[in-house]
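One file, my_file_9.cif, carrying mmCIF, C-alpha atoms and all ligand atoms:
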```cif
data_entry
#
loop_
_atom_site.label_atom_id
_atom_site.label_comp_id
_atom_site.auth_asym_id
_atom_site.auth_seq_id
_atom_site.Cartn_x
_atom_site.Cartn_y
_atom_site.Cartn_z
CA MET A 1 89.36 119.63 129.40
CA THR A 2 88.00 116.15 128.74
CA CYS A 3 84.98 114.43 130.30
CA ILE A 4 85.95 111.65 132.71
CA HIS A 5 82.86 109.66 131.69
CA CYS A 6 82.74 109.77 127.90
CA ARG A 7 85.93 111.68 127.03
CA GLY A 8 83.81 114.30 125.32
CA GLU A 9 84.75 117.95 125.11
CA MET A 10 83.90 120.05 128.15
CA LYS A 11 82.77 123.65 127.79
CA SER A 12 82.72 126.48 130.29
CA ALA A 13 79.05 126.87 131.21
CA THR A 14 76.75 126.68 134.21
CA ALA A 15 75.09 123.75 135.90
CA PRO A 16 72.52 123.36 138.65
CA PHE A 17 73.72 122.11 142.01
CA HIS A 18 71.56 120.66 144.74
CA VAL A 19 72.31 119.20 148.12
CA ASP A 20 70.02 117.49 150.61
CA ARG A 21 70.86 118.35 154.19
CA ASP A 22 69.30 117.48 157.51
CA GLY A 23 66.45 119.96 157.70
CA TYR A 24 66.76 121.73 154.36
CA HIS A 25 67.52 121.31 150.69
CA LEU A 26 69.73 123.71 148.81
CA MET A 27 69.21 124.26 145.08
CA LEU A 28 71.50 126.50 143.08
CA ASP A 29 70.27 127.04 139.53
CA ALA A 30 73.36 128.15 137.67
CA VAL A 31 76.77 127.47 139.20
CA PRO A 32 79.77 128.14 136.93
CA ALA A 33 81.05 124.74 135.80
CA TRP A 34 82.61 122.72 133.03
CA VAL A 35 79.84 120.86 131.23
CA CYS A 36 80.36 117.94 128.84
CA GLU A 37 78.94 118.57 125.38
CA GLN A 38 78.20 114.88 124.91
CA CYS A 39 76.76 113.52 128.15
CA GLY A 40 76.06 116.71 130.09
CA GLU A 41 78.27 115.76 133.03
CA ALA A 42 79.15 118.84 135.08
CA TYR A 43 82.49 119.39 136.78
CA PHE A 44 82.84 122.14 139.38
CA GLU A 45 86.17 123.80 139.97
CA ASP A 46 87.69 124.06 143.46
CA ARG A 47 86.74 127.72 143.75
CA GLU A 48 83.04 126.96 143.21
CA VAL A 49 83.14 123.87 145.43
CA GLU A 50 84.66 125.92 148.26
CA ALA A 51 82.03 128.64 147.83
CA ILE A 52 79.26 126.03 147.93
CA GLN A 53 80.74 124.39 151.05
CA ALA A 54 81.01 127.77 152.77
CA THR A 55 77.37 128.42 151.92
CA ILE A 56 76.36 125.04 153.34
CA ARG A 57 78.31 125.68 156.56
CA THR A 58 76.49 128.99 157.03
CA LEU A 59 73.12 127.45 156.21
CA ASP A 60 73.76 124.58 158.63
CA ARG A 61 74.26 127.07 161.44
CA GLN A 62 71.21 129.17 160.54
CA ALA A 63 68.99 126.15 159.86
CA GLN A 64 69.81 124.81 163.32
CA ARG A 65 68.41 127.97 164.87
CA LEU A 66 65.23 127.59 162.86
CA SER A 67 64.70 123.88 163.36
CA VAL A 68 62.42 122.63 166.08
CA GLN A 69 64.41 121.32 169.00
CA GLU A 70 62.96 118.28 170.76
CA THR A 71 63.95 119.75 174.09
CA GLY A 72 63.06 123.28 173.07
CA THR A 73 60.63 125.58 174.79
CA ALA A 74 58.77 126.81 171.72
CA SER A 75 55.44 128.23 172.62
ZN ZN B 101 80.79 113.28 128.91
#
```

Could you rewrite the structure in this file as structure tokens?
Amino acid sequence: MTCIHCRGEMKSATAPFHVDRDGYHLMLDAVPAWVCEQCGEAYFEDREVEAIQATIRTLDRQAQRLSVQETGTAS
């Protein structure tokens, strides 16, 4: 596999992944990925991307329960 940025060689490794959502931030330290030996660009395969998206969907639902609702009746 070749890096789309610098055409360097990509190795099977891990890379951190973070996403900023409304109400929370998700930080994964070591997601399996292809990482460029030259520039460090990380490329996630479909399987990992789908797993991350499934995690975000679940977190979105749970975070909504935990977030303060403007019309809520928290006491
Ligand atoms: Zn590169």

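Around ligand ZN 101 (chain B), the neighbouring residues within 7 Å, taking all atoms listed in the file, come to Cys3, Ile4, His5, Cys6, Arg7, Gly8, Cys36, Glu37, Gln38, Cys39, Gly40 and Glu41 of chain A.
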
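Rounded to one decimal, atom CA of A:Asp29 and atom CA of A:Ala15 lie 6.9 Å from each other.
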
#### Entry: Nearby residues (all atoms listed in the file) at most 10 Å from A:Phe17, same-chain spacing under 6 positions excluded, as a list in words
Leu26, Met27, Leu28, Asp29, Ala30, Val31, Pro32, Ala33, Ala42, Phe44 and Ile52 of chain A

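Atom CA of A:Val35 is positioned 6.4 Å from atom CA of A:Ser12.
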
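Distances to A:His18 were evaluated for A:Gln53, A:Glu45, A:Ser67, A:Met1 using only C-alpha atoms, and the minimum falls at A:Gln53.
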
### Message
Using Å and a single decimal, report how far atom CA of A:Ala63 sits from atom CA of A:Asp46.
### Response
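For atom CA of A:Asp46 relative to atom CA of A:Ala63, the distance reads 25.0 Å.
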